[in-house]
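Participant: One structure, as structure tokens, below. Some questions next.
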Amino acid sequence: MSSSHFRNIAIIAHVDHGKTTLVDQLLKEGGAFRVNEAVEERAMDSMDLEKEKGITIKAKNASVHWNAFTINIVDTPGHADFGGEVERIMGMVDGVLLLVDALDGPQAQTRFVLKKALHHGLKVIVVINKIDRDHANPHRVHDQVLELLLELHASEDQFNAPFIYASARNGFALHELGDEKKNMTPLFEAIVQHIPPPKVNADAHFSMLISNLDWSDYVGRIAIGKVLGGVAKVGDSIWALRRNGDRERAVITKVFEFSGMKSAESVSAEAGNIVGLSGFKDLDIGDTLCDREDREPIPFTDIDPPTLQMQVCVNDSPFCGREGKFVTARHLRDRLMKETRTNISLKVEDTDSANCLLVSARGELQIAILVEQMRREGFEMLLSRPQVIMRKEGATTLEPFETLWIDLPGDVLGDTLQNLAARKGQVVNMSHHADRVQIEAVIPTRGLIGLETDMVNMSSGRAVMSHMFKEYAPHCGPVAGRITGTLVSMEQGTATGYSLDTIQERGRMFIGPGEEVYEGMIVGENPRSEDLPVNPTKTKQLTNMRASGKDKAIMLEPPVKMSLEHAIEYVAADEFIEVTPKNLRLRKKILNATQRKRATQREEAMGA
């Protein structure tokens, strides 16, 4: 097959605009599934976490055969925290499908990934999805997309992108509103007509940039990328030109092509196709594969810098090792280093302590997803509060700032503006649509920590927010942190209903009766700013004297159970999250109350 029969595209969209459903429809109509094959919904979201959270985390490949064409589709994450995934696949594709909801219009994640695609000079096809949704307004969304393309400095060719109107859920696409609703053929026609075939030289030497890595227990590491020139076959001897300057020779043991959602073995890797090659012991994303050692490596685009870092430490709590299989520093280090091989926006460094590692990432969600994966694999660890990565330029301290977009009901606008001001957010734009308000603001990354939880609480879950890295700028002074204190256990043992009944008068509880606690563990929250020591294990003293009045019935409020993302936003600088396969606990870094007090006094003395 010549390269003119290949089309390589990425699908980009905001979370929940129907991207993965659209890919499923293309796979079904392109014959990726047999007629009698049970098709799992949202087939491209293969990770458990993706299905649970309804978001795409890892960039994945699929392939559809339509008429004489092979259309390679890459499903990209929409969340800015996974920008590293987006960045590296842009070099594999020649065009993008920009998917926009016919009611909500372009959102922040749309903007983030589209900006990357335009920067790479990729052709755009706009798909306005969910046109059959109640109150959908495809004409308004059409104009909003054109405004966005102008704002992001699209070229004339990119600005004149074709528009397709679709309902992925109901399996139809239209060139014009009012056309007959039949199938996805208009979208296939637009892809073949408007997305150029890959620019390759089939007669040149073999060359391929590694854009993704996979692993097979049978063949080991698999390098995935677009073949930019030449042909490679099983048994060929090729070279890996590493980004660090090393050069390694190997023999291709397998060639994989994508067919539907699966990969199938092939005889050769042809120019223009996205393939997987095995035969190398050690490879990294960004390495070049080619026919000779003396070739020049293919340039690799640098990605946005990490803006947050967190400590990941060995679990040293009294309950450590009860639930997890992997609890040592070596286990943690090996697993985190393995993650950096396929996740190029993540950085892992050693610290002064042998039991602590420093993990840098694009955002707290990215770290939370990784830690959630690790706990499901049997790891235990401690997590610190996220810290923003600062920079120095001469005597000036610089910190990262983000552009923030919030879509919220008008009745919580006042509270939201007050919250943003306390977090050093500067509102730069505000627009009203019916009973909703859209705010655009510039805010330090520090101010984003915990904001999502505040917005959910203030708006009862009706607000939608997203953000995107803007720049490093001078430090803007202190940002208000958590204003509440905690209830800290003084004892180790089992919590009793009798004791919790008394303690709950002081604040909200994070634990229920029968749960095990230890000294220094955070069992609740109190409205004052300082921490209160409590004893949740106290039992009622029994005597042989009859009480003068009947015992009052114990009525316990249900405890607040936090998700990992919420816990990461919640913890203070002197606290850890204890993560195990079965539990999330909040605790003080120093468990003993006396030692904690001494440490505080030392810090105050040094500060004075």
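We name chains A, B, ... following the order of the structure tokens; residues begin at 1 in each chain, and ligands are numbered from 1 as shown.
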Find the nearest atom pair between each residue of region 416-480 of chain A and region 564-583 of chain A for residues within 7 Å, count only C-alpha atoms, give distances in Å to one decimal, sort rows by chain and ascending number, and present the table as JSON lines.
Facilitator:
{"residue": "A:Ile449", "atom": "CA", "partner": "A:Glu569", "partner_atom": "CA", "distance": 5.6}
{"residue": "A:Gly450", "atom": "CA", "partner": "A:Glu569", "partner_atom": "CA", "distance": 4.6}
{"residue": "A:Thr453", "atom": "CA", "partner": "A:His566", "partner_atom": "CA", "distance": 6.8}
Participant: Would you put the residues from that selection into a file with C-alpha atoms, as a PDB file, in the first residue's frame?
Facilitator:
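Final output, selection-v1.pdb:
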ATOM      1  CA  ILE A 449      -4.729  23.993  44.670  1.00  0.00           C
ATOM      2  CA  GLY A 450      -8.052  23.292  46.366  1.00  0.00           C
ATOM      3  CA  THR A 453     -13.217  21.526  45.731  1.00  0.00           C
TER       4      THR A 453
END
Participant: List every residue of region 331-518 of chain A that DSSP, applied to the backbone of this structure, assigns to helix (DSSP H, G or I), and report them as a VMD selection string.
Facilitator: chain A and resid 331 to 342 364 to 376 410 to 422 445 to 448 451 to 459 497 to 506
Participant: Can you tell me which residues surround region 7-13 of chain A at a distance of at most 8 Å, considering only C-alpha atoms, apart from same-chain residues fewer than 6 positions away, and format the answer as a PyMOL selection string?
Facilitator: chain A and resi 19+69-78+89-90+92-100+109-110+113-114+191-192+195-198+273-274
Participant: When you look at region 158-162 of chain A with a cut-off of 12 Å (counting only C-alpha atoms), what residues show up, excluding the ones that are within fewer than 5 positions of it in the same chain? I need them as a PDB file with C-alpha atoms, in the first residue's frame.
Facilitator:
ATOM      1  CA  GLY A  95      -4.526  16.371  10.841  1.00  0.00           C
ATOM      2  CA  VAL A  96      -6.983  16.607  13.704  1.00  0.00           C
ATOM      3  CA  LEU A  97     -10.688  16.187  14.244  1.00  0.00           C
ATOM      4  CA  LEU A  98     -11.740  19.031  16.545  1.00  0.00           C
ATOM      5  CA  LEU A 114      -6.066  22.857  19.460  1.00  0.00           C
ATOM      6  CA  LYS A 115      -3.306  25.393  20.174  1.00  0.00           C
ATOM      7  CA  ALA A 117      -2.227  21.180  16.791  1.00  0.00           C
ATOM      8  CA  LEU A 118      -2.208  24.596  15.072  1.00  0.00           C
ATOM      9  CA  HIS A 119       1.367  25.182  16.239  1.00  0.00           C
ATOM     10  CA  HIS A 120       2.353  21.903  14.530  1.00  0.00           C
ATOM     11  CA  GLY A 121       0.705  23.119  11.275  1.00  0.00           C
ATOM     12  CA  LEU A 122      -1.884  20.325  11.239  1.00  0.00           C
ATOM     13  CA  LYS A 123      -5.029  20.411   9.077  1.00  0.00           C
ATOM     14  CA  VAL A 124      -8.301  20.703  11.013  1.00  0.00           C
ATOM     15  CA  ILE A 125     -11.755  19.170  10.506  1.00  0.00           C
ATOM     16  CA  VAL A 126     -14.374  20.553  12.926  1.00  0.00           C
ATOM     17  CA  VAL A 127     -17.012  18.069  14.119  1.00  0.00           C
ATOM     18  CA  ILE A 128     -19.934  19.694  15.950  1.00  0.00           C
ATOM     19  CA  HIS A 142     -19.896  27.233  14.503  1.00  0.00           C
ATOM     20  CA  ASP A 143     -19.219  30.960  15.033  1.00  0.00           C
ATOM     21  CA  VAL A 145     -15.102  27.832  16.789  1.00  0.00           C
ATOM     22  CA  LEU A 146     -14.199  30.368  14.068  1.00  0.00           C
ATOM     23  CA  GLU A 147     -13.571  32.999  16.778  1.00  0.00           C
ATOM     24  CA  LEU A 148     -11.341  30.518  18.616  1.00  0.00           C
ATOM     25  CA  LEU A 149      -9.350  29.706  15.451  1.00  0.00           C
ATOM     26  CA  LEU A 150      -8.798  33.440  14.914  1.00  0.00           C
ATOM     27  CA  GLU A 151      -7.768  33.939  18.520  1.00  0.00           C
ATOM     28  CA  LEU A 152      -5.224  31.085  18.323  1.00  0.00           C
ATOM     29  CA  HIS A 153      -3.691  32.554  15.116  1.00  0.00           C
ATOM     30  CA  LEU A 174     -23.852  15.418   7.984  1.00  0.00           C
ATOM     31  CA  HIS A 175     -22.081  17.814   5.613  1.00  0.00           C
ATOM     32  CA  GLU A 176     -24.895  20.366   6.129  1.00  0.00           C
ATOM     33  CA  PRO A 186     -19.697  12.248   5.392  1.00  0.00           C
ATOM     34  CA  LEU A 187     -17.033  12.246   8.127  1.00  0.00           C
ATOM     35  CA  GLU A 189     -15.238  11.512   3.121  1.00  0.00           C
ATOM     36  CA  ALA A 190     -14.037  14.693   4.863  1.00  0.00           C
ATOM     37  CA  ILE A 191     -11.049  12.852   6.410  1.00  0.00           C
ATOM     38  CA  GLN A 193     -10.515  14.606   1.161  1.00  0.00           C
ATOM     39  CA  HIS A 194      -9.120  17.211   3.598  1.00  0.00           C
ATOM     40  CA  ILE A 195      -6.433  15.442   5.670  1.00  0.00           C
TER      41      ILE A 195
END
